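*Asks:* Got a structure for you, entry.txt, holding compact mmCIF, N, CA and C atoms and all ligand atoms.
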# COMPACT_ATOMS: atom_id res chain seq x y z
N MET R 1 63.41 11.41 -71.44
CA MET R 1 62.55 10.65 -70.54
C MET R 1 61.83 9.55 -71.34
N PRO R 2 61.82 8.31 -70.84
CA PRO R 2 61.13 7.25 -71.59
C PRO R 2 59.63 7.50 -71.68
N MET R 3 59.08 7.15 -72.80
CA MET R 3 57.65 7.32 -73.01
C MET R 3 56.88 6.18 -72.37
N THR R 4 55.75 6.49 -71.78
CA THR R 4 54.86 5.42 -71.34
C THR R 4 53.59 5.48 -72.18
N MET R 5 53.09 4.34 -72.50
CA MET R 5 51.92 4.27 -73.37
C MET R 5 50.66 4.68 -72.61
N SER R 6 49.88 5.60 -73.19
CA SER R 6 48.60 5.95 -72.59
C SER R 6 47.67 4.74 -72.61
N LYS R 7 46.96 4.52 -71.51
CA LYS R 7 46.06 3.38 -71.40
C LYS R 7 44.63 3.78 -71.74
N ILE R 8 43.85 2.82 -72.16
CA ILE R 8 42.43 3.05 -72.43
C ILE R 8 41.66 2.66 -71.17
N ASP R 9 41.11 3.68 -70.48
CA ASP R 9 40.47 3.37 -69.19
C ASP R 9 39.05 2.82 -69.36
N GLY R 10 38.55 2.85 -70.59
CA GLY R 10 37.25 2.26 -70.86
C GLY R 10 36.85 2.53 -72.29
N CYS R 11 35.99 1.67 -72.82
CA CYS R 11 35.50 1.85 -74.19
C CYS R 11 34.03 1.45 -74.24
N ASP R 12 33.21 2.38 -74.74
CA ASP R 12 31.75 2.14 -74.81
C ASP R 12 31.32 1.41 -76.08
N VAL R 13 32.26 1.13 -76.97
CA VAL R 13 31.91 0.55 -78.26
C VAL R 13 31.91 -0.98 -78.12
N ILE R 14 30.80 -1.48 -77.59
CA ILE R 14 30.77 -2.88 -77.16
C ILE R 14 30.68 -3.86 -78.32
N ASP R 15 30.33 -3.37 -79.53
CA ASP R 15 30.28 -4.30 -80.67
C ASP R 15 31.64 -4.49 -81.34
N CYS R 16 32.67 -3.84 -80.83
CA CYS R 16 34.01 -4.06 -81.36
C CYS R 16 34.52 -5.43 -80.89
N ALA R 17 35.24 -6.10 -81.79
CA ALA R 17 35.76 -7.43 -81.47
C ALA R 17 36.69 -7.41 -80.25
N TYR R 18 37.36 -6.31 -80.04
CA TYR R 18 38.34 -6.23 -78.95
C TYR R 18 37.73 -5.77 -77.62
N ASN R 19 36.43 -5.48 -77.62
CA ASN R 19 35.78 -4.97 -76.41
C ASN R 19 35.16 -6.12 -75.61
N MET R 20 35.60 -6.24 -74.37
CA MET R 20 34.98 -7.17 -73.43
C MET R 20 34.78 -6.41 -72.14
N ASP R 21 33.56 -6.43 -71.60
CA ASP R 21 33.24 -5.73 -70.35
C ASP R 21 33.62 -4.25 -70.41
N ARG R 22 33.38 -3.64 -71.57
CA ARG R 22 33.65 -2.20 -71.76
C ARG R 22 35.12 -1.83 -71.57
N GLN R 23 35.98 -2.81 -71.81
CA GLN R 23 37.42 -2.57 -71.81
C GLN R 23 37.98 -3.02 -73.16
N CYS R 24 39.03 -2.32 -73.60
CA CYS R 24 39.71 -2.69 -74.83
C CYS R 24 40.78 -3.75 -74.52
N HIS R 25 40.84 -4.80 -75.33
CA HIS R 25 41.75 -5.90 -75.03
C HIS R 25 42.73 -6.20 -76.15
N THR R 26 43.11 -5.17 -76.91
CA THR R 26 44.22 -5.33 -77.84
C THR R 26 45.34 -4.42 -77.32
N PRO R 27 46.60 -4.81 -77.45
CA PRO R 27 47.67 -4.05 -76.78
C PRO R 27 47.75 -2.58 -77.19
N ALA R 28 47.55 -2.27 -78.47
CA ALA R 28 47.78 -0.89 -78.90
C ALA R 28 46.87 -0.52 -80.06
N ILE R 29 46.06 0.52 -79.86
CA ILE R 29 45.22 1.02 -80.94
C ILE R 29 45.93 2.18 -81.65
N THR R 30 45.46 2.46 -82.85
CA THR R 30 45.90 3.66 -83.57
C THR R 30 44.72 4.61 -83.65
N VAL R 31 44.98 5.88 -83.35
CA VAL R 31 43.91 6.88 -83.30
C VAL R 31 44.12 7.92 -84.39
N GLY R 32 43.00 8.36 -84.97
CA GLY R 32 43.02 9.51 -85.88
C GLY R 32 43.09 9.13 -87.34
N ASP R 33 42.23 9.78 -88.13
CA ASP R 33 42.26 9.56 -89.58
C ASP R 33 42.41 10.88 -90.33
N GLY R 34 42.74 11.93 -89.60
CA GLY R 34 42.87 13.25 -90.22
C GLY R 34 41.60 14.05 -90.19
N LYS R 35 40.45 13.38 -89.98
CA LYS R 35 39.17 14.08 -89.91
C LYS R 35 38.67 14.15 -88.47
N CYS R 36 38.81 13.05 -87.74
CA CYS R 36 38.43 13.05 -86.33
C CYS R 36 39.31 12.04 -85.59
N ALA R 37 39.17 12.05 -84.27
CA ALA R 37 40.04 11.21 -83.44
C ALA R 37 39.51 9.79 -83.36
N MET R 38 39.26 9.20 -84.53
CA MET R 38 38.66 7.87 -84.54
C MET R 38 39.67 6.79 -84.13
N CYS R 39 39.13 5.75 -83.50
CA CYS R 39 39.94 4.57 -83.22
C CYS R 39 40.01 3.76 -84.51
N ASP R 40 41.18 3.69 -85.07
CA ASP R 40 41.38 3.01 -86.35
C ASP R 40 41.41 1.49 -86.18
N THR R 41 41.39 1.03 -84.95
CA THR R 41 41.49 -0.41 -84.67
C THR R 41 40.11 -1.04 -84.49
N TYR R 42 39.08 -0.20 -84.39
CA TYR R 42 37.70 -0.68 -84.24
C TYR R 42 37.40 -1.73 -85.29
N THR R 43 36.99 -2.92 -84.85
CA THR R 43 36.79 -4.06 -85.74
C THR R 43 35.51 -4.80 -85.40
N LYS R 44 34.69 -5.03 -86.41
CA LYS R 44 33.52 -5.88 -86.21
C LYS R 44 33.87 -7.26 -86.73
N ALA R 45 33.58 -8.28 -85.95
CA ALA R 45 33.90 -9.65 -86.35
C ALA R 45 32.89 -10.60 -85.73
N ASP R 46 32.82 -11.80 -86.25
CA ASP R 46 31.86 -12.79 -85.75
C ASP R 46 32.19 -13.26 -84.35
N ARG R 47 33.45 -13.18 -84.00
CA ARG R 47 33.84 -13.61 -82.65
C ARG R 47 34.79 -12.60 -82.04
N LYS R 48 34.92 -12.65 -80.72
CA LYS R 48 35.79 -11.70 -80.02
C LYS R 48 37.26 -12.01 -80.29
N GLY R 49 38.08 -10.94 -80.30
CA GLY R 49 39.51 -11.09 -80.46
C GLY R 49 40.23 -10.46 -79.28
N GLY R 50 41.53 -10.29 -79.41
CA GLY R 50 42.31 -9.73 -78.32
C GLY R 50 42.57 -10.76 -77.24
N ALA R 51 43.08 -10.29 -76.12
CA ALA R 51 43.42 -11.18 -75.02
C ALA R 51 42.79 -10.64 -73.74
N SER R 52 42.10 -11.50 -73.01
CA SER R 52 41.33 -11.04 -71.85
C SER R 52 42.22 -10.43 -70.77
N ASP R 53 43.50 -10.81 -70.71
CA ASP R 53 44.38 -10.27 -69.67
C ASP R 53 45.14 -9.02 -70.13
N VAL R 54 44.80 -8.51 -71.30
CA VAL R 54 45.46 -7.29 -71.82
C VAL R 54 44.49 -6.13 -71.73
N ILE R 55 44.95 -4.99 -71.22
CA ILE R 55 44.18 -3.75 -71.28
C ILE R 55 44.85 -2.86 -72.32
N GLY R 56 44.05 -2.36 -73.25
CA GLY R 56 44.57 -1.64 -74.40
C GLY R 56 45.22 -0.31 -74.08
N GLY R 57 46.09 0.09 -74.98
CA GLY R 57 46.74 1.39 -74.89
C GLY R 57 46.75 2.05 -76.26
N VAL R 58 47.30 3.26 -76.31
CA VAL R 58 47.38 4.00 -77.57
C VAL R 58 48.78 3.79 -78.16
N GLY R 59 48.84 3.06 -79.25
CA GLY R 59 50.12 2.81 -79.89
C GLY R 59 50.62 4.01 -80.67
N ALA R 60 49.72 4.67 -81.37
CA ALA R 60 50.08 5.84 -82.17
C ALA R 60 48.85 6.70 -82.35
N CYS R 61 49.06 8.00 -82.50
CA CYS R 61 47.93 8.90 -82.70
C CYS R 61 48.29 9.97 -83.72
N ARG R 62 47.44 10.08 -84.74
CA ARG R 62 47.69 11.04 -85.82
C ARG R 62 47.04 12.40 -85.57
N GLU R 63 46.38 12.56 -84.42
CA GLU R 63 45.67 13.82 -84.14
C GLU R 63 46.64 14.85 -83.57
N SER R 64 47.45 15.42 -84.45
CA SER R 64 48.50 16.35 -84.00
C SER R 64 47.95 17.64 -83.43
N ASP R 65 46.65 17.92 -83.66
CA ASP R 65 46.07 19.15 -83.09
C ASP R 65 45.45 18.92 -81.71
N CYS R 66 45.63 17.73 -81.14
CA CYS R 66 45.15 17.46 -79.77
C CYS R 66 46.20 17.94 -78.77
N ILE R 67 45.75 18.54 -77.66
CA ILE R 67 46.71 19.05 -76.66
C ILE R 67 47.56 17.94 -76.04
N HIS R 68 47.09 16.71 -76.11
CA HIS R 68 47.83 15.59 -75.51
C HIS R 68 48.83 14.95 -76.48
N ASN R 69 48.87 15.45 -77.71
CA ASN R 69 49.70 14.83 -78.73
C ASN R 69 51.07 15.49 -78.82
N LEU R 70 52.09 14.67 -78.73
CA LEU R 70 53.47 15.15 -78.85
C LEU R 70 54.17 14.24 -79.84
N ALA R 71 54.58 14.80 -80.96
CA ALA R 71 55.29 14.04 -81.99
C ALA R 71 54.48 12.83 -82.45
N LEU R 72 53.19 13.01 -82.60
CA LEU R 72 52.27 11.97 -83.08
C LEU R 72 52.16 10.79 -82.11
N GLU R 73 52.43 11.07 -80.83
CA GLU R 73 52.23 10.08 -79.77
C GLU R 73 51.31 10.69 -78.71
N CYS R 74 50.55 9.83 -78.04
CA CYS R 74 49.62 10.31 -77.02
C CYS R 74 50.31 10.38 -75.66
N ASN R 75 50.17 11.52 -75.01
CA ASN R 75 50.75 11.71 -73.68
C ASN R 75 49.67 11.98 -72.63
N ALA R 76 48.44 11.58 -72.90
CA ALA R 76 47.34 11.88 -71.98
C ALA R 76 47.43 11.06 -70.69
N GLY R 77 48.06 9.91 -70.74
CA GLY R 77 48.09 9.02 -69.56
C GLY R 77 46.99 7.99 -69.65
N ASN R 78 45.75 8.48 -69.70
CA ASN R 78 44.59 7.60 -69.89
C ASN R 78 43.65 8.26 -70.89
N ILE R 79 43.01 7.44 -71.70
CA ILE R 79 41.98 7.96 -72.61
C ILE R 79 40.72 7.14 -72.45
N HIS R 80 39.61 7.69 -72.97
CA HIS R 80 38.35 6.95 -73.01
C HIS R 80 37.87 6.94 -74.46
N VAL R 81 37.32 5.82 -74.87
CA VAL R 81 36.83 5.68 -76.25
C VAL R 81 35.31 5.50 -76.21
N GLY R 82 34.63 6.17 -77.13
CA GLY R 82 33.18 6.07 -77.18
C GLY R 82 32.67 6.16 -78.60
N PHE R 83 31.34 6.10 -78.76
CA PHE R 83 30.72 6.17 -80.08
C PHE R 83 30.77 7.59 -80.63
N HIS R 84 31.01 7.70 -81.91
CA HIS R 84 30.85 8.96 -82.63
C HIS R 84 30.28 8.57 -83.99
N GLN R 85 29.04 9.01 -84.25
CA GLN R 85 28.33 8.59 -85.47
C GLN R 85 28.37 7.06 -85.53
N ASN R 86 28.96 6.47 -86.58
CA ASN R 86 28.94 4.99 -86.67
C ASN R 86 30.32 4.38 -86.44
N HIS R 87 31.16 5.11 -85.71
CA HIS R 87 32.49 4.56 -85.44
C HIS R 87 32.91 4.88 -84.01
N ALA R 88 34.15 4.54 -83.69
CA ALA R 88 34.68 4.74 -82.33
C ALA R 88 35.64 5.93 -82.35
N ASP R 89 35.55 6.78 -81.33
CA ASP R 89 36.41 7.97 -81.24
C ASP R 89 37.09 8.05 -79.88
N CYS R 90 38.28 8.63 -79.85
CA CYS R 90 38.91 8.98 -78.58
C CYS R 90 38.18 10.19 -78.02
N GLU R 91 37.51 10.00 -76.88
CA GLU R 91 36.74 11.10 -76.28
C GLU R 91 37.61 12.02 -75.44
N THR R 92 38.87 11.67 -75.28
CA THR R 92 39.80 12.52 -74.52
C THR R 92 40.41 13.59 -75.42
N TYR R 93 40.21 13.43 -76.71
CA TYR R 93 40.71 14.41 -77.68
C TYR R 93 40.28 15.83 -77.28
N THR R 94 41.24 16.73 -77.23
CA THR R 94 40.96 18.13 -76.91
C THR R 94 41.76 18.98 -77.89
N ARG R 95 41.05 19.75 -78.68
CA ARG R 95 41.74 20.58 -79.68
C ARG R 95 42.62 21.62 -78.99
N ARG R 96 43.82 21.84 -79.51
CA ARG R 96 44.73 22.85 -78.98
C ARG R 96 44.10 24.24 -79.02
S1 LIG R 101 43.95 12.10 -76.11
FE1 LIG R 101 44.59 13.19 -77.99
S2 LIG R 101 46.68 12.43 -78.39
FE2 LIG R 101 45.70 10.97 -76.96
S3 LIG R 101 44.80 9.36 -78.30
FE3 LIG R 101 43.19 10.90 -77.87
S4 LIG R 101 43.32 12.30 -79.66
FE4 LIG R 101 45.27 11.15 -79.60
Is it possible to express this structure as structure tokens?

*Replies:*
Amino acid sequence: MPMTMSKIDGCDVIDCAYNMDRQCHTPAITVGDGKCAMCDTYTKADRKGGASDVIGGVGACRESDCIHNLALECNAGNIHVGFHQNHADCETYTRR
């Protein structure tokens, strides 16, 4: 069965360069650093990036212990990203 990319239904990390109107505007983020389900694409910059007509998705996810993770890909359908300490995390992460 062909894979469909999980979409980011919202992101609370408004200081990220790719965040406009609490939506992610880069085509594909990478999630997980082995310690937590962090958004590895979170970027602080002087000006906004991404494309306003793009809604972000999950390109790859290293959180193999998440129930939505299959072969290091996200199968959740939709995820939400929010603040965790001083970075951005996938809040849909659910430990197996
Ligand atoms: S829901 Fe799970 S598999 Fe999907 S991006 Fe978040 S941590 Fe990765």

*Asks:* To one decimal place, how far is CA of Asp15 (chain R) from CA of Asp46 (chain R) in Å?

*Replies:* 10.0 Å

*Asks:* Using only N, CA and C atoms and all ligand atoms, which residues of chain R come within 5 Å of ligand LIG 101 (chain R), and what is the closest atom pair for each, with the distance in Å to one decimal? Give it as CSV, sorted by chain and residue number.

*Replies:*
residue,atom,partner,partner_atom,distance
R:Cys61,CA,R:LIG101,FE4,4.7
R:Cys66,CA,R:LIG101,FE1,4.7
R:His68,C,R:LIG101,S2,3.8
R:Asn69,N,R:LIG101,S2,3.8
R:Glu73,C,R:LIG101,S2,5.0
R:Cys74,CA,R:LIG101,S2,3.9
R:Asn75,N,R:LIG101,FE2,4.9
R:Ala76,N,R:LIG101,FE2,4.9
R:Cys90,CA,R:LIG101,FE3,4.7
R:Thr92,C,R:LIG101,S1,3.9
R:Tyr93,CA,R:LIG101,S4,3.9
R:Thr94,N,R:LIG101,FE1,4.9

*Asks:* Please provide as a PDB file with N, CA and C atoms, in the coordinates of the input all residues within 10 Å of Asp9 (chain R), with the sequence filter that same-chain residues fewer than 3 positions apart are discarded (counting only C-alpha atoms).

*Replies:*
ATOM      1  N   SER R   6      49.880   5.600 -73.190  1.00  0.00           N
ATOM      2  CA  SER R   6      48.600   5.950 -72.590  1.00  0.00           C
ATOM      3  C   SER R   6      47.670   4.740 -72.610  1.00  0.00           C
ATOM      4  N   ARG R  22      33.380  -3.640 -71.570  1.00  0.00           N
ATOM      5  CA  ARG R  22      33.650  -2.200 -71.760  1.00  0.00           C
ATOM      6  C   ARG R  22      35.120  -1.830 -71.570  1.00  0.00           C
ATOM      7  N   GLN R  23      35.980  -2.810 -71.810  1.00  0.00           N
ATOM      8  CA  GLN R  23      37.420  -2.570 -71.810  1.00  0.00           C
ATOM      9  C   GLN R  23      37.980  -3.020 -73.160  1.00  0.00           C
ATOM     10  N   CYS R  24      39.030  -2.320 -73.600  1.00  0.00           N
ATOM     11  CA  CYS R  24      39.710  -2.690 -74.830  1.00  0.00           C
ATOM     12  C   CYS R  24      40.780  -3.750 -74.520  1.00  0.00           C
ATOM     13  N   ILE R  55      44.950  -4.990 -71.220  1.00  0.00           N
ATOM     14  CA  ILE R  55      44.180  -3.750 -71.280  1.00  0.00           C
ATOM     15  C   ILE R  55      44.850  -2.860 -72.320  1.00  0.00           C
ATOM     16  N   GLY R  56      44.050  -2.360 -73.250  1.00  0.00           N
ATOM     17  CA  GLY R  56      44.570  -1.640 -74.400  1.00  0.00           C
ATOM     18  C   GLY R  56      45.220  -0.310 -74.080  1.00  0.00           C
ATOM     19  N   GLY R  57      46.090   0.090 -74.980  1.00  0.00           N
ATOM     20  CA  GLY R  57      46.740   1.390 -74.890  1.00  0.00           C
ATOM     21  C   GLY R  57      46.750   2.050 -76.260  1.00  0.00           C
ATOM     22  N   GLY R  77      48.060   9.910 -70.740  1.00  0.00           N
ATOM     23  CA  GLY R  77      48.090   9.020 -69.560  1.00  0.00           C
ATOM     24  C   GLY R  77      46.990   7.990 -69.650  1.00  0.00           C
ATOM     25  N   ASN R  78      45.750   8.480 -69.700  1.00  0.00           N
ATOM     26  CA  ASN R  78      44.590   7.600 -69.890  1.00  0.00           C
ATOM     27  C   ASN R  78      43.650   8.260 -70.890  1.00  0.00           C
ATOM     28  N   ILE R  79      43.010   7.440 -71.700  1.00  0.00           N
ATOM     29  CA  ILE R  79      41.980   7.960 -72.610  1.00  0.00           C
ATOM     30  C   ILE R  79      40.720   7.140 -72.450  1.00  0.00           C
ATOM     31  N   HIS R  80      39.610   7.690 -72.970  1.00  0.00           N
ATOM     32  CA  HIS R  80      38.350   6.950 -73.010  1.00  0.00           C
ATOM     33  C   HIS R  80      37.870   6.940 -74.460  1.00  0.00           C
ATOM     34  N   VAL R  81      37.320   5.820 -74.870  1.00  0.00           N
ATOM     35  CA  VAL R  81      36.830   5.680 -76.250  1.00  0.00           C
ATOM     36  C   VAL R  81      35.310   5.500 -76.210  1.00  0.00           C
TER      37      VAL R  81
END

*Asks:* Between CA of Met20 (chain R) and atom C of Thr43 (chain R), measure the distance and give it in Å to one decimal.

*Replies:*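 Computing the Euclidean distance for CA of Met20 (chain R) and atom C of Thr43 (chain R) yields 12.2 Å.
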
*Asks:* As a list in words, list the residues of region 28-65 of chain R assigned to strand (DSSP E) by DSSP on the backbone atoms of this structure.

*Replies:* Ala28, Ile29, Thr30, Val31, Gly57, Val58, Gly59, Ala60 and Cys61 of chain R

*Asks:* Which of these residues is nearest to Asp33 (chain R), using only N, CA and C atoms: R:Asp53, R:Asp21, R:Glu63, R:Asp12?

*Replies:*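 Ranking R:Asp53, R:Asp21, R:Glu63, R:Asp12 by distance to Asp33 (chain R), first place goes to R:Glu63.
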
*Asks:* Name the residues in contact with Met38 (chain R) at a cut-off of 6 Å, using only N, CA and C atoms, excluding same-chain residues fewer than 6 positions from it; report them as a PyMOL selection string.

*Replies:* chain R and resi 30-32+88-90

*Asks:* Go ahead and write the residues just picked, N, CA and C atoms, as a compact mmCIF listing (two decimals), keeping the file's coordinate frame.

*Replies:*
# COMPACT_ATOMS: atom_id res chain seq x y z
N THR R 30 45.46 2.46 -82.85
CA THR R 30 45.90 3.66 -83.57
C THR R 30 44.72 4.61 -83.65
N VAL R 31 44.98 5.88 -83.35
CA VAL R 31 43.91 6.88 -83.30
C VAL R 31 44.12 7.92 -84.39
N GLY R 32 43.00 8.36 -84.97
CA GLY R 32 43.02 9.51 -85.88
C GLY R 32 43.09 9.13 -87.34
N ALA R 88 34.15 4.54 -83.69
CA ALA R 88 34.68 4.74 -82.33
C ALA R 88 35.64 5.93 -82.35
N ASP R 89 35.55 6.78 -81.33
CA ASP R 89 36.41 7.97 -81.24
C ASP R 89 37.09 8.05 -79.88
N CYS R 90 38.28 8.63 -79.85
CA CYS R 90 38.91 8.98 -78.58
C CYS R 90 38.18 10.19 -78.02

*Asks:* Starting from 4 Å padding per side, set up an axis-aligned box that covers all listed atoms of region 71-79 of chain R and hand over centre and edge lengths in Å, one decimal, as lines of an AutoDock Vina configuration file.

*Replies:*
center_x = 48.0
center_y = 11.0
center_z = -76.3
size_x = 22.6
size_y = 15.7
size_z = 21.5

*Asks:* Would you mind reading off the distance between CA of His84 (chain R) and CA of Met3 (chain R), one decimal, in Å?

*Replies:*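 Interatomic distance here is 28.5 Å.
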